[in-house]
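Visitor: Let me begin by handing over the structure; questions about it come next.
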Amino acid sequence: MYLIPLVLFLVVAQSGCTIDPGSGASAASPSGQQLIRLMRRSINQVPSAHVVISAHEKSRIIGWQPARLVESGTADLSRREKIVNQSQITRVTFHLLGDTTVMTSSVKYILVGHRMAQKIVFSLTAVFRRGKSSHTRDAAPWTCLTVGAQTVNQAVSLLKFERLPSHLRHATSLGASVVRQAPVWLVRVRLPRGSVVFSIAQSGYALLREAVTTHGEPRDTYTAIYDFSRFGEPVKATLPKACRHERPPLPHHTLLAGRG
């Protein structure tokens with residue numbers, strides 16, 4: 001089972017450009033490969049964006065007992081201002097010998113310029129079969145870092161959300177649909193253990209939604225939906241006081257965008 005230490009990121013490239021998903025429909029659907037190329041080109045023109053994630057995972061862990069992961073989060077990102085403002089909650093519930101355990105982690109992540117701040121709060125709740133329960137909570141202090149240009153570029157890159165194979169051979173067009181009242185083209189790409197369906201605006205080819213389904217061991221299933229919106233809107237974030245003093249930059253700090 002995968003626990004997802006998500007730090008979510010989006011791309012911005014061109015100042016003063018706002019992508020409008022539009023409401024018109026094209027006469028004929030381009031091929032899947034063409035749509036993926038147009039989508040990636042559009043991604044590299046997005047100055048800022050907002051993302052909402054909702055994820056679920058069913059798996060079996062200790063003693064082959066069922067476990068369920070539920071994850072939700074939001075992020076606002078801008079490459080123009082070099083800002084990321086992200087929050088995420090991950091909750092894992094599993095049952096063992098009649099007892100129920102719930103593990104919850106809450107992550108707050110802020111990037112302003114080359115300064116990065118992250119705070120994690122972890123809690124554990126156990127409900128025992130005899131009716132007793134226990135609860136523990138651990139709130140770590142803010143972690144503060146000064147990061148280099150490579151890390152900043154990764155943090156604000158929408159490409160971090162793409163669940164595309166390194167060698168894209170097949171992209172299947174599934175025809176037209178509607179996402180948030182905007183006409184879109186649907187494109188399915190096969191993954192080694194699942195698939196991803198992209199909802200691409202018919203006007204402007206902006207990525208409006210990404211739906212991922214992957215399979216692990218028997219009866220292990222992970223699904224996630226990413227919704228993208230607010231293209232080109234201003235993004236604001238304020239570092240906590242503890243993280244406003246400059247420190248020497250790290251040579252490189254890898255930031256995760258979710259499960260690959």
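Ligands are numbered from 1 in the order shown, chains are lettered A, B, ... in the order of the structure tokens, and residues start at 1 in each chain.
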Please extract the residues of stretch 12-256 of chain A with a backbone DSSP assignment of strand (DSSP E) and present them as JSON, numbers by chain.

Guide: {"A": [48, 49, 50, 51, 52, 53, 54, 55, 56, 57, 58, 59, 60, 66, 67, 68, 69, 70, 71, 72, 73, 74, 75, 76, 77, 78, 83, 84, 85, 86, 87, 88, 89, 90, 91, 92, 93, 94, 95, 96, 99, 100, 101, 102, 103, 104, 105, 106, 107, 108, 109, 110, 111, 112, 115, 116, 117, 118, 119, 120, 121, 122, 123, 124, 125, 126, 127, 133, 134, 135, 136, 137, 138, 139, 143, 144, 145, 146, 171, 172, 173, 174, 175, 176, 177, 178, 179, 182, 183, 184, 185, 186, 187, 188, 189, 190, 191, 194, 195, 196, 197, 198, 199, 200, 201, 207, 208, 209, 210, 211, 212, 213, 214, 215, 221, 222, 223, 224, 225, 226, 227, 228, 229]}

Visitor: What lies within 8 Å of stretch 190-198 of chain A using only C-alpha atoms, ignoring chain neighbours under 3 positions off, as a list of chain:residue names?

Guide: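 Contacts, with the query itself left out: A:Arg163, A:Leu164, A:Pro165, A:His170, A:Ala171, A:Trp185, A:Leu186, A:Val187, A:Leu207, A:Leu208, A:Arg209, A:Glu210, A:Ala211, A:Val212, A:Thr213, A:Thr214, A:His215, A:Gly216.
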
Visitor: Go through A:Arg188, A:Arg169, A:Arg230, A:Lys108 one by one, measure the shortest atom-to-atom distance of each to A:Ala206 using only C-alpha atoms, and give the residue with the smallest value.

Guide: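 Of A:Arg188, A:Arg169, A:Arg230, A:Lys108, the one nearest A:Ala206, counting only C-alpha atoms, is A:Arg230.
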
Visitor: Within 7 Å of A:Glu71, counting only C-alpha atoms, which residues qualify if same-chain residues fewer than 6 places away don't, as a ChimeraX atom specification?

Guide: /A:54-56,89-91

Visitor: State, in Å with one decimal place, the distance from atom CA of A:Ala75 to atom CA of A:Thr125.

Guide: 27.2 Å

Visitor: Here is a test: counting only C-alpha atoms, which residue of A:Asn85, A:Gln118, A:Ser177, A:Ser78 is nearest to A:Glu233?

Guide: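 Once distances to A:Glu233 are computed over only C-alpha atoms, the minimum belongs to A:Ser78.
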
Visitor: Please, what distance in Å, to one decimal, runs between atom CA of A:Glu162 and atom CA of A:Leu145?

Guide: 26.2 Å

Visitor: By how many Å are atom CA of A:Glu81 and atom CA of A:Arg40 apart?

Guide: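 Atom CA of A:Arg40 lies at a distance of 21.1 Å from atom CA of A:Glu81.
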
Visitor: For a quick check of understanding, using only C-alpha atoms, which of A:Trp142, A:Tyr226, A:Ser105, A:Val179 has the smallest distance to A:Val52?

Guide: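 Once distances to A:Val52 are computed over only C-alpha atoms, the minimum belongs to A:Tyr226.
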
Visitor: For A:Ser203, which residue out of A:Val184, A:Asp220, A:Val235, A:Lys132 is the nearest one, using only C-alpha atoms?

Guide: A:Val184

Visitor: For A:Ser134, please output as a PyMOL selection string all residues within 12 Å (counting only C-alpha atoms; exclusion window: fewer than 4 positions along the same chain).

Guide: chain A and resi 99-103+123-128

Visitor: Could you dump the residues just selected with N, CA and C atoms as an mmCIF file, in the first residue's frame?

Guide:
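The resulting part.cif:
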```cif
data_model
loop_
_atom_site.group_PDB
_atom_site.id
_atom_site.type_symbol
_atom_site.label_atom_id
_atom_site.label_comp_id
_atom_site.auth_asym_id
_atom_site.auth_seq_id
_atom_site.Cartn_x
_atom_site.Cartn_y
_atom_site.Cartn_z
ATOM 1 N N ASP A 99 -10.088 -4.603 16.073
ATOM 2 C CA ASP A 99 -9.757 -3.230 16.420
ATOM 3 C C ASP A 99 -9.683 -2.374 15.160
ATOM 4 N N THR A 100 -9.991 -1.080 15.304
ATOM 5 C CA THR A 100 -9.934 -0.142 14.182
ATOM 6 C C THR A 100 -8.913 0.947 14.483
ATOM 7 N N THR A 101 -8.021 1.185 13.545
ATOM 8 C CA THR A 101 -6.991 2.208 13.707
ATOM 9 C C THR A 101 -7.093 3.209 12.566
ATOM 10 N N VAL A 102 -7.037 4.498 12.911
ATOM 11 C CA VAL A 102 -7.094 5.574 11.914
ATOM 12 C C VAL A 102 -5.836 6.432 12.062
ATOM 13 N N MET A 103 -5.047 6.491 11.009
ATOM 14 C CA MET A 103 -3.853 7.336 10.985
ATOM 15 C C MET A 103 -4.125 8.519 10.069
ATOM 16 N N SER A 123 -1.624 12.248 13.556
ATOM 17 C CA SER A 123 -2.453 11.763 14.663
ATOM 18 C C SER A 123 -2.796 10.299 14.451
ATOM 19 N N LEU A 124 -2.997 9.607 15.578
ATOM 20 C CA LEU A 124 -3.318 8.176 15.550
ATOM 21 C C LEU A 124 -4.464 7.923 16.528
ATOM 22 N N THR A 125 -5.548 7.363 16.023
ATOM 23 C CA THR A 125 -6.707 7.035 16.844
ATOM 24 C C THR A 125 -6.981 5.547 16.726
ATOM 25 N N ALA A 126 -7.121 4.882 17.884
ATOM 26 C CA ALA A 126 -7.413 3.447 17.905
ATOM 27 C C ALA A 126 -8.699 3.213 18.683
ATOM 28 N N VAL A 127 -9.599 2.437 18.117
ATOM 29 C CA VAL A 127 -10.845 2.049 18.769
ATOM 30 C C VAL A 127 -10.811 0.535 18.939
ATOM 31 N N PHE A 128 -10.805 0.077 20.185
ATOM 32 C CA PHE A 128 -10.660 -1.341 20.468
ATOM 33 C C PHE A 128 -12.010 -2.031 20.545
#
```

Visitor: Please provide the set of residues having any atom within 12 Å of A:Cys243, restricted to only C-alpha atoms, with same-chain residues fewer than 5 positions apart removed, written as a PyMOL selection string.

Guide: chain A and resi 109-112+114-119+141-146+238

Visitor: Would you mind exporting C-alpha atoms of the selected residues as a short mmCIF file (atom, residue, chain, number, x, y, z; two decimals), in the first residue's frame?

Guide:
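Wrote again37.cif, looks like this:
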```cif
data_model
loop_
_atom_site.label_atom_id
_atom_site.label_comp_id
_atom_site.auth_asym_id
_atom_site.auth_seq_id
_atom_site.Cartn_x
_atom_site.Cartn_y
_atom_site.Cartn_z
CA TYR A 109 3.45 23.44 2.23
CA ILE A 110 4.44 26.97 1.18
CA LEU A 111 7.01 28.14 -1.34
CA VAL A 112 7.76 31.83 -1.87
CA HIS A 114 13.51 30.30 -2.98
CA ARG A 115 12.19 29.87 0.57
CA MET A 116 10.24 26.73 1.39
CA ALA A 117 8.25 25.92 4.53
CA GLN A 118 6.52 22.67 5.44
CA LYS A 119 4.56 21.60 8.50
CA PRO A 141 7.52 22.52 13.96
CA TRP A 142 7.86 24.26 10.62
CA THR A 143 10.67 22.90 8.46
CA CYS A 144 12.41 25.76 6.64
CA LEU A 145 14.71 25.50 3.64
CA THR A 146 16.29 27.70 1.01
CA THR A 238 2.96 34.19 3.24
#
```
